[in-house]
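Novice: Following this line is query-v6.cif, made up of mmCIF, C-alpha atoms:
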data_target
#
loop_
_atom_site.label_atom_id
_atom_site.label_comp_id
_atom_site.auth_asym_id
_atom_site.auth_seq_id
_atom_site.Cartn_x
_atom_site.Cartn_y
_atom_site.Cartn_z
CA MET A 1 177.40 -2.38 85.70
CA VAL A 2 173.69 -1.32 85.73
CA SER A 3 171.48 -4.04 84.34
CA GLN A 4 168.81 -3.32 81.75
CA GLU A 5 166.10 -3.99 84.34
CA GLN A 6 167.69 -1.57 86.83
CA ARG A 7 167.99 1.08 84.10
CA ARG A 8 164.31 0.62 83.22
CA ARG A 9 163.29 1.07 86.87
CA GLN A 10 165.46 4.18 87.21
CA LEU A 11 163.89 5.78 84.14
CA ALA A 12 160.42 4.94 85.43
CA ARG A 13 161.24 6.50 88.82
CA GLU A 14 162.56 9.66 87.17
CA LYS A 15 159.43 9.90 85.02
CA PHE A 16 157.27 9.51 88.13
CA LEU A 17 159.22 12.25 89.93
CA ARG A 18 158.81 14.60 86.94
CA GLN A 19 155.04 13.96 86.94
CA GLN A 20 154.83 14.68 90.65
CA GLN A 21 156.76 17.93 90.21
CA ARG A 22 154.43 19.02 87.39
CA ARG A 23 151.35 18.21 89.49
CA THR A 24 152.79 20.04 92.51
CA SER A 25 153.56 23.06 90.33
CA ALA A 26 150.07 22.97 88.78
CA ARG A 27 148.44 22.85 92.23
CA ARG A 28 150.59 25.78 93.40
CA LYS A 29 149.58 27.85 90.36
CA ALA A 30 145.89 26.97 90.90
CA ARG A 31 146.08 28.04 94.55
CA THR A 32 147.69 31.32 93.55
CA ARG A 33 145.06 31.94 90.86
CA ASN A 34 142.17 31.10 93.20
CA ALA A 35 143.60 33.33 95.91
CA ALA A 36 143.76 36.21 93.44
CA ILE A 37 140.18 35.63 92.33
CA ALA A 38 138.99 35.44 95.93
CA SER A 39 140.79 38.68 96.71
CA VAL A 40 139.11 40.48 93.80
CA LEU A 41 135.71 39.12 94.76
CA GLY A 42 136.31 40.22 98.33
CA VAL A 43 137.05 43.76 97.19
CA ILE A 44 133.93 43.80 95.03
CA LEU A 45 131.79 42.47 97.88
CA ILE A 46 133.16 44.97 100.37
CA GLY A 47 132.61 47.78 97.89
CA SER A 48 129.05 46.65 97.26
CA VAL A 49 128.29 46.50 100.98
CA ALA A 50 129.79 49.95 101.45
CA LEU A 51 127.67 51.38 98.63
CA TYR A 52 124.54 49.72 99.95
CA THR A 53 125.19 50.97 103.48
CA THR A 54 125.86 54.48 102.22
CA GLY A 55 122.63 54.36 100.21
CA VAL A 56 120.66 53.47 103.32
CA VAL A 57 122.34 56.12 105.44
CA LEU A 58 121.95 58.84 102.80
CA LYS A 59 118.38 57.94 101.89
CA ASP A 60 116.18 61.03 101.89
CA ASP A 61 113.49 60.01 104.33
CA ASP A 62 111.16 62.84 103.40
CA ASP A 63 107.99 61.03 104.39
CA LYS A 64 106.12 63.91 105.98
CA THR A 65 102.39 63.20 106.11
CA ASN A 66 100.17 65.79 104.43
CA ALA A 67 97.13 66.52 106.56
CA ASN A 68 94.93 66.00 103.49
CA ALA A 69 96.74 62.96 102.12
CA GLU A 70 94.59 59.89 101.82
CA VAL A 71 96.70 56.83 102.53
CA THR A 72 96.59 53.12 103.08
CA PRO A 73 99.20 51.49 105.35
CA SER A 74 102.64 51.15 103.90
CA PRO A 75 104.78 48.08 103.34
CA SER A 76 108.54 46.96 100.66
CA ALA A 77 110.69 45.40 96.68
CA SER A 78 110.03 45.30 93.03
CA LYS A 79 111.81 45.52 89.72
CA LYS A 80 111.50 47.78 86.72
CA ALA A 81 109.58 46.14 83.92
CA GLU A 82 108.24 47.08 80.52
CA ASP A 83 105.13 49.25 80.49
CA PRO A 84 102.22 46.92 79.60
CA CYS A 85 99.71 49.73 79.09
CA ASP A 86 98.65 52.04 76.28
CA LYS A 87 99.03 55.78 76.02
CA PRO A 88 96.37 57.85 77.82
CA ALA A 89 93.46 59.23 75.84
CA GLU A 90 93.64 62.88 74.91
CA GLY A 91 92.25 65.22 77.51
CA LYS A 92 93.07 66.94 80.78
CA VAL A 93 92.08 66.48 84.39
CA LYS A 94 89.31 68.84 85.45
CA THR A 95 90.00 71.03 88.46
CA GLN A 96 86.86 70.66 90.53
CA ALA A 97 85.95 70.97 94.20
CA TRP A 98 82.78 71.13 96.24
CA LYS A 99 82.21 72.36 99.77
CA LYS A 100 79.95 69.55 100.93
CA GLU A 101 78.95 66.00 100.18
CA PRO A 102 76.45 65.79 97.30
CA ALA A 103 72.78 65.22 98.05
CA MET A 104 71.59 61.62 97.94
CA THR A 105 70.31 60.90 94.43
CA ILE A 106 70.82 57.16 94.02
CA ASP A 107 68.23 54.50 94.73
CA LYS A 108 69.64 52.75 97.81
CA SER A 109 67.74 49.57 97.02
CA ALA A 110 69.01 49.33 93.43
CA LYS A 111 72.17 47.77 92.05
CA TYR A 112 74.91 49.97 90.62
CA ALA A 113 78.10 49.17 88.75
CA MET A 114 81.19 51.22 88.02
CA LYS A 115 83.52 50.85 85.07
CA LEU A 116 87.02 52.27 85.04
CA SER A 117 88.20 52.46 81.45
CA THR A 118 91.97 52.61 81.95
CA THR A 119 95.02 52.62 79.72
CA CYS A 120 95.66 49.07 80.91
CA GLY A 121 92.17 47.72 80.29
CA ASP A 122 88.65 47.98 81.69
CA ILE A 123 88.03 47.34 85.37
CA GLY A 124 84.43 46.48 86.17
CA ILE A 125 83.13 46.83 89.72
CA ASP A 126 79.86 45.74 91.34
CA LEU A 127 79.04 48.39 93.94
CA LYS A 128 77.63 47.64 97.40
CA THR A 129 74.89 50.24 97.26
CA SER A 130 72.80 49.30 100.30
CA ALA A 131 75.87 48.73 102.52
CA ALA A 132 77.71 51.91 101.49
CA PRO A 133 75.13 54.34 100.07
CA HIS A 134 77.07 57.54 100.81
CA THR A 135 80.17 56.18 99.09
CA VAL A 136 78.29 54.89 96.04
CA ASN A 137 76.31 58.13 95.79
CA SER A 138 79.54 60.15 95.91
CA PHE A 139 81.14 58.06 93.17
CA ASN A 140 78.00 58.35 91.05
CA PHE A 141 78.17 62.14 91.45
CA LEU A 142 81.92 62.46 90.80
CA ALA A 143 81.91 60.12 87.80
CA GLY A 144 79.01 62.09 86.33
CA LYS A 145 81.08 65.27 86.65
CA GLY A 146 84.09 63.67 84.89
CA PHE A 147 86.12 64.07 88.08
CA PHE A 148 88.08 60.83 87.58
CA ASP A 149 88.64 61.20 83.84
CA HIS A 150 92.33 61.41 82.80
CA THR A 151 93.53 60.92 86.40
CA PRO A 152 96.54 58.66 87.10
CA CYS A 153 96.61 55.83 89.60
CA HIS A 154 99.48 57.17 91.67
CA ARG A 155 100.40 54.33 94.06
CA LEU A 156 101.14 50.62 93.84
CA THR A 157 102.18 48.45 96.77
CA THR A 158 103.82 45.09 96.11
CA ASN A 159 105.01 43.93 99.52
CA GLY A 160 103.02 43.46 102.73
CA ILE A 161 99.82 44.82 101.23
CA PHE A 162 98.88 44.55 97.57
CA VAL A 163 96.84 47.46 96.28
CA LEU A 164 96.60 49.98 93.46
CA GLN A 165 95.50 53.41 94.67
CA CYS A 166 93.69 55.87 92.42
CA GLY A 167 91.20 58.76 92.55
CA ASP A 168 93.51 61.71 93.17
CA PRO A 169 93.24 64.32 90.40
CA THR A 170 96.66 65.73 91.36
CA GLY A 171 98.36 62.34 91.09
CA GLN A 172 100.32 63.13 94.27
CA GLY A 173 98.24 61.41 96.93
CA ASN A 174 96.89 64.54 98.63
CA GLY A 175 94.03 65.58 96.35
CA GLY A 176 90.29 65.17 96.71
CA PRO A 177 86.85 66.58 95.90
CA GLY A 178 86.82 69.17 98.69
CA TYR A 179 84.44 67.24 100.93
CA ASN A 180 84.54 64.10 103.05
CA ILE A 181 82.15 61.18 103.32
CA PRO A 182 81.42 59.00 106.35
CA ASP A 183 82.95 55.56 106.87
CA GLU A 184 80.59 52.75 105.96
CA ASN A 185 80.37 48.97 105.90
CA LEU A 186 83.38 48.43 108.17
CA LYS A 187 81.82 45.20 109.45
CA ASP A 188 81.43 43.72 105.98
CA LYS A 189 81.43 39.93 106.19
CA SER A 190 84.25 39.76 103.63
CA LEU A 191 86.68 41.41 106.05
CA LYS A 192 87.86 38.41 108.02
CA LYS A 193 90.86 38.35 110.36
CA ASN A 194 91.83 41.94 109.50
CA THR A 195 92.28 41.09 105.84
CA TYR A 196 90.92 42.83 102.76
CA PRO A 197 90.49 40.02 100.24
CA ALA A 198 91.61 40.19 96.62
CA GLY A 199 88.90 41.75 94.49
CA THR A 200 87.90 44.41 97.03
CA ILE A 201 87.63 48.12 96.24
CA ALA A 202 87.78 50.33 99.33
CA MET A 203 88.14 53.97 100.29
CA ALA A 204 91.50 55.46 101.24
CA ASN A 205 91.54 58.00 104.06
CA THR A 206 93.85 60.17 106.15
CA GLY A 207 93.89 57.70 109.04
CA GLN A 208 91.13 59.60 110.82
CA PRO A 209 87.49 58.47 110.98
CA ASN A 210 85.15 59.77 108.26
CA SER A 211 87.97 61.32 106.24
CA GLY A 212 87.39 59.62 102.88
CA GLY A 213 87.15 61.79 99.79
CA SER A 214 87.71 60.52 96.26
CA GLN A 215 90.75 58.28 96.61
CA PHE A 216 90.25 54.53 96.61
CA PHE A 217 92.32 51.38 96.39
CA LEU A 218 91.88 48.17 94.43
CA VAL A 219 93.09 44.98 96.16
CA TYR A 220 94.73 42.52 93.75
CA GLN A 221 95.94 40.08 96.44
CA ASP A 222 94.74 39.41 100.00
CA SER A 223 96.08 42.25 102.15
CA PRO A 224 96.31 42.45 105.96
CA LEU A 225 94.64 45.73 106.94
CA PRO A 226 92.53 46.85 109.89
CA PRO A 227 88.83 47.34 109.05
CA SER A 228 89.17 51.12 108.79
CA TYR A 229 88.64 51.57 105.05
CA THR A 230 85.12 51.49 103.61
CA PRO A 231 84.74 48.44 101.33
CA PHE A 232 82.19 49.48 98.69
CA GLY A 233 82.48 47.06 95.79
CA THR A 234 83.79 43.88 94.23
CA ILE A 235 86.10 43.83 91.20
CA SER A 236 85.20 41.68 88.18
CA GLU A 237 87.34 38.76 87.02
CA ASP A 238 88.47 40.71 83.94
CA GLY A 239 89.29 43.65 86.18
CA MET A 240 91.47 41.42 88.35
CA THR A 241 93.39 40.32 85.25
CA VAL A 242 94.10 44.00 84.49
CA LEU A 243 95.22 44.65 88.07
CA LYS A 244 97.60 41.70 88.09
CA LYS A 245 99.13 42.91 84.82
CA ILE A 246 99.74 46.30 86.43
CA ALA A 247 101.19 44.70 89.57
CA ALA A 248 103.51 42.47 87.53
CA ALA A 249 105.16 45.58 86.06
CA GLY A 250 106.18 46.65 89.58
CA GLU A 251 106.58 50.08 91.12
CA SER A 252 109.16 52.82 90.70
CA THR A 253 111.06 52.82 94.00
CA GLY A 254 112.01 49.15 94.23
CA ALA A 255 110.95 49.32 97.87
CA GLY A 256 107.46 47.91 97.35
CA ASP A 257 105.53 51.18 97.63
CA GLY A 258 105.63 53.81 94.91
CA ALA A 259 104.25 54.97 91.58
CA PRO A 260 103.39 52.04 89.29
CA ASN A 261 105.81 51.38 86.44
CA ALA A 262 102.78 50.83 84.23
CA THR A 263 101.15 53.97 82.85
CA VAL A 264 97.85 53.57 84.68
CA VAL A 265 95.44 56.36 83.80
CA ILE A 266 91.67 56.33 84.14
CA ASP A 267 90.56 57.57 80.73
CA LYS A 268 86.91 57.45 81.77
CA ALA A 269 84.93 56.44 84.87
CA THR A 270 81.22 55.68 84.68
CA VAL A 271 78.64 54.58 87.23
CA SER A 272 75.42 53.04 86.00
CA LYS A 273 72.28 51.60 87.53
CA SER A 274 71.95 47.93 86.68
#
Please lay out the structure from this file as structure tokens.
Specialist:
Amino acid sequence: MVSQEQRRRQLAREKFLRQQQRRTSARRKARTRNAAIASVLGVILIGSVALYTTGVVLKDDDDKTNANAEVTPSPSASKKAEDPCDKPAEGKVKTQAWKKEPAMTIDKSAKYAMKLSTTCGDIGIDLKTSAAPHTVNSFNFLAGKGFFDHTPCHRLTTNGIFVLQCGDPTGQGNGGPGYNIPDENLKDKSLKKNTYPAGTIAMANTGQPNSGGSQFFLVYQDSPLPPSYTPFGTISEDGMTVLKKIAAAGESTGAGDGAPNATVVIDKATVSKS
């Protein structure tokens, strides 16, 4: 006959075995579930890689250089953000061109300042008149003609170099005033170790000497560039705040070099003797 103590031990053993079976079954179900999840994630990952690879392969690399395009070196990633700027003022870009550089009318020994009244805020600039007289004289002439008014800033770089490029009345990167001005001030003391420091305004060009026209770039963060672009002014502190707001909105391609997401339009440009 089975004693009460033996019966108690038998029941305890059976209970233990049932618990073990339930745990084993639970672990088996968990492994099956995790395997299924891993399989789905694997499919998603493979699909994503395939799409990304296809996107790279099928990318339209239509980067033909226009002989008249004024450019700064290119860099690469940014995200779409809300437009932090206002609507442009009413008015249209003037279609103007001249055959030769304007005659020198500024006082080379005087101080001049430029103000870009943009949809994103005012950008004040102290111009380096004595170091870059041809450039400052040209900007004084063009601003007086309303050449920059209602023109968009067409390029923002957010990787490698950090600049906002403006001054093209076509908004495409290949427009200008019809004449070229000589390179100046390429040995400016601010250009150390092939770097254009934040707060610099400099001329864009075609990559050839003395090919500047009307396009310029505003440096909002130290940018490694060879000293080939005429530095002709220094941006004010308030102007830098505006530039950083524009940069924070990113550019349109997501590759670090494209049209700014912000609606950056120069409503009015003025140059004044200070």
Novice: Between A:Ala249, A:Ala204, A:Val136, A:Ile125, which residue has the minimum interatomic distance to Ala110 of chain A, considering all atoms listed in the file?
Specialist: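 Among A:Ala249, A:Ala204, A:Val136, A:Ile125, it is A:Val136 that comes nearest to Ala110 of chain A.
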Novice: Record the distance separating atom CA of Pro177 of chain A and atom CA of Ser138 of chain A, expressed in Å with one decimal.
Specialist: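 Result for atom CA of Pro177 of chain A versus atom CA of Ser138 of chain A: 9.7 Å, one decimal.
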Novice: Separation of atom CA of Val242 of chain A and atom CA of Lys128 of chain A, in Å?
Specialist: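 About the pair atom CA of Val242 of chain A and atom CA of Lys128 of chain A: they are 21.2 Å apart.
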Novice: Hey, what comes out of the PyMOL selection byres ((chain A and resi 132) around 8) on this file? Could you write it as a list in words?
Specialist: Lys128, Thr129, Ser130, Ala131, Pro133, His134, Thr135, Val136, Glu184, Asn185, Thr230, Pro231 and Phe232 of chain A
Novice: Nearest residue to Thr157 of chain A out of A:Val219, A:Gly233, A:Glu82, A:Gly91, using all atoms listed in the file?
Specialist: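 Nearest to Thr157 of chain A: A:Val219.
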Novice: Pick from A:Ile266, A:Cys166, A:Leu142, A:Ala202: nearest to Asp183 of chain A, with all atoms listed in the file counted?
Specialist: A:Ala202
Novice: Take atom CA of Thr118 of chain A and atom CA of Ala262 of chain A and report the distance between them in Å, one decimal.
Specialist: 11.2 Å
Novice: Find the residues around Phe139 of chain A up to 8 Å (all atoms listed in the file counted), leave out those fewer than 4 positions away in its own chain, and share them as a list in words.
Specialist: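 In the requested form, the answer reads Thr135, Ala143, Ser214 and Val271 of chain A.
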Novice: Just want the 10 Å neighbourhood of Tyr196 of chain A, counted on all atoms listed in the file, with same-chain residues fewer than 5 positions away dropped. Output as a list in words.
Specialist: Ile161, Phe162, Val163, Ser190, Leu191, Ile201, Ala202, Leu218, Val219, Tyr220, Gln221, Asp222, Ser223, Pro224, Leu225, Pro226, Pro227, Tyr229 and Pro231 of chain A
Novice: Written as number ranges by chain, which residues does the PyMOL selection byres ((chain A and resi 96) around 8) give for the file shown?
Specialist: A: 94-95, 97-98, 147, 177
Novice: Applied to this file, what does the PyMOL selection byres ((chain A and resi 120) around 8) return in terms of residues, put as a ChimeraX atom specification?
Specialist: /A:84-86,118-119,121-122,242,246,263-265
Novice: Would you write out those residues with C-alpha atoms, as a JSON list (two decimals), keeping the file's coordinate frame?
Specialist:
[["chain", "number", "residue", "atom", "x", "y", "z"],
["A", 84, "PRO", "CA", 102.22, 46.92, 79.60],
["A", 85, "CYS", "CA", 99.71, 49.73, 79.09],
["A", 86, "ASP", "CA", 98.65, 52.04, 76.28],
["A", 118, "THR", "CA", 91.97, 52.61, 81.95],
["A", 119, "THR", "CA", 95.02, 52.62, 79.72],
["A", 121, "GLY", "CA", 92.17, 47.72, 80.29],
["A", 122, "ASP", "CA", 88.65, 47.98, 81.69],
["A", 242, "VAL", "CA", 94.10, 44.00, 84.49],
["A", 246, "ILE", "CA", 99.74, 46.30, 86.43],
["A", 263, "THR", "CA", 101.15, 53.97, 82.85],
["A", 264, "VAL", "CA", 97.85, 53.57, 84.68],
["A", 265, "VAL", "CA", 95.44, 56.36, 83.80]]
Novice: With distances taken over all atoms listed in the file, which residue among A:Asp168, A:Asn140, A:Asn261, A:Gly124 lies nearest Val93 of chain A?
Specialist: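 Of the candidates, the smallest distance to Val93 of chain A is held by A:Asp168.
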Novice: Could you write out as JSON the box around segment 197-211 of chain A (axis-aligned, all atoms listed in the file, 4 Å on each side), with centre and edge lengths in Å to one decimal?
Specialist:
{"center_x": 89.5, "center_y": 50.7, "center_z": 102.7, "size_x": 16.7, "size_y": 29.3, "size_z": 24.5}
Novice: Would you mind listing what lies within 10 Å of Lys99 of chain A as a CSV table (one decimal) with C-alpha atoms, in the coordinates of the input, with all atoms listed in the file counted and same-chain residues fewer than 3 positions away left out?
Specialist:
chain,number,residue,atom,x,y,z
A,102,PRO,CA,76.4,65.8,97.3
A,177,PRO,CA,86.8,66.6,95.9
A,178,GLY,CA,86.8,69.2,98.7
A,179,TYR,CA,84.4,67.2,100.9
A,180,ASN,CA,84.5,64.1,103.0
Novice: Taking the point (93.2, 64.9, 98.3) as given in the file, collect each protein or nucleic acid residue that comes within 9 Å of it, counting all atoms listed in the file, and present the set as a PDB file with C-alpha atoms, keeping the file's coordinate frame.
Specialist:
ATOM      1  CA  ASN A  68      94.930  66.000 103.490  1.00  0.00           C
ATOM      2  CA  ALA A  69      96.740  62.960 102.120  1.00  0.00           C
ATOM      3  CA  GLU A  70      94.590  59.890 101.820  1.00  0.00           C
ATOM      4  CA  GLY A 167      91.200  58.760  92.550  1.00  0.00           C
ATOM      5  CA  ASP A 168      93.510  61.710  93.170  1.00  0.00           C
ATOM      6  CA  PRO A 169      93.240  64.320  90.400  1.00  0.00           C
ATOM      7  CA  THR A 170      96.660  65.730  91.360  1.00  0.00           C
ATOM      8  CA  GLN A 172     100.320  63.130  94.270  1.00  0.00           C
ATOM      9  CA  GLY A 173      98.240  61.410  96.930  1.00  0.00           C
ATOM     10  CA  ASN A 174      96.890  64.540  98.630  1.00  0.00           C
ATOM     11  CA  GLY A 175      94.030  65.580  96.350  1.00  0.00           C
ATOM     12  CA  GLY A 176      90.290  65.170  96.710  1.00  0.00           C
ATOM     13  CA  PRO A 177      86.850  66.580  95.900  1.00  0.00           C
ATOM     14  CA  GLY A 178      86.820  69.170  98.690  1.00  0.00           C
ATOM     15  CA  GLY A 213      87.150  61.790  99.790  1.00  0.00           C
ATOM     16  CA  SER A 214      87.710  60.520  96.260  1.00  0.00           C
ATOM     17  CA  GLN A 215      90.750  58.280  96.610  1.00  0.00           C
TER      18      GLN A 215
END
Novice: Which polymer residues, whether protein, DNA or RNA, lie within 7 Å of the coordinate (79.4, 48.4, 88.8) when you count all atoms listed in the file? List them as an MDAnalysis selection string, using the chain letters and numbers from the file.
Specialist: chainID A and resid 112:115 124:127 271:272
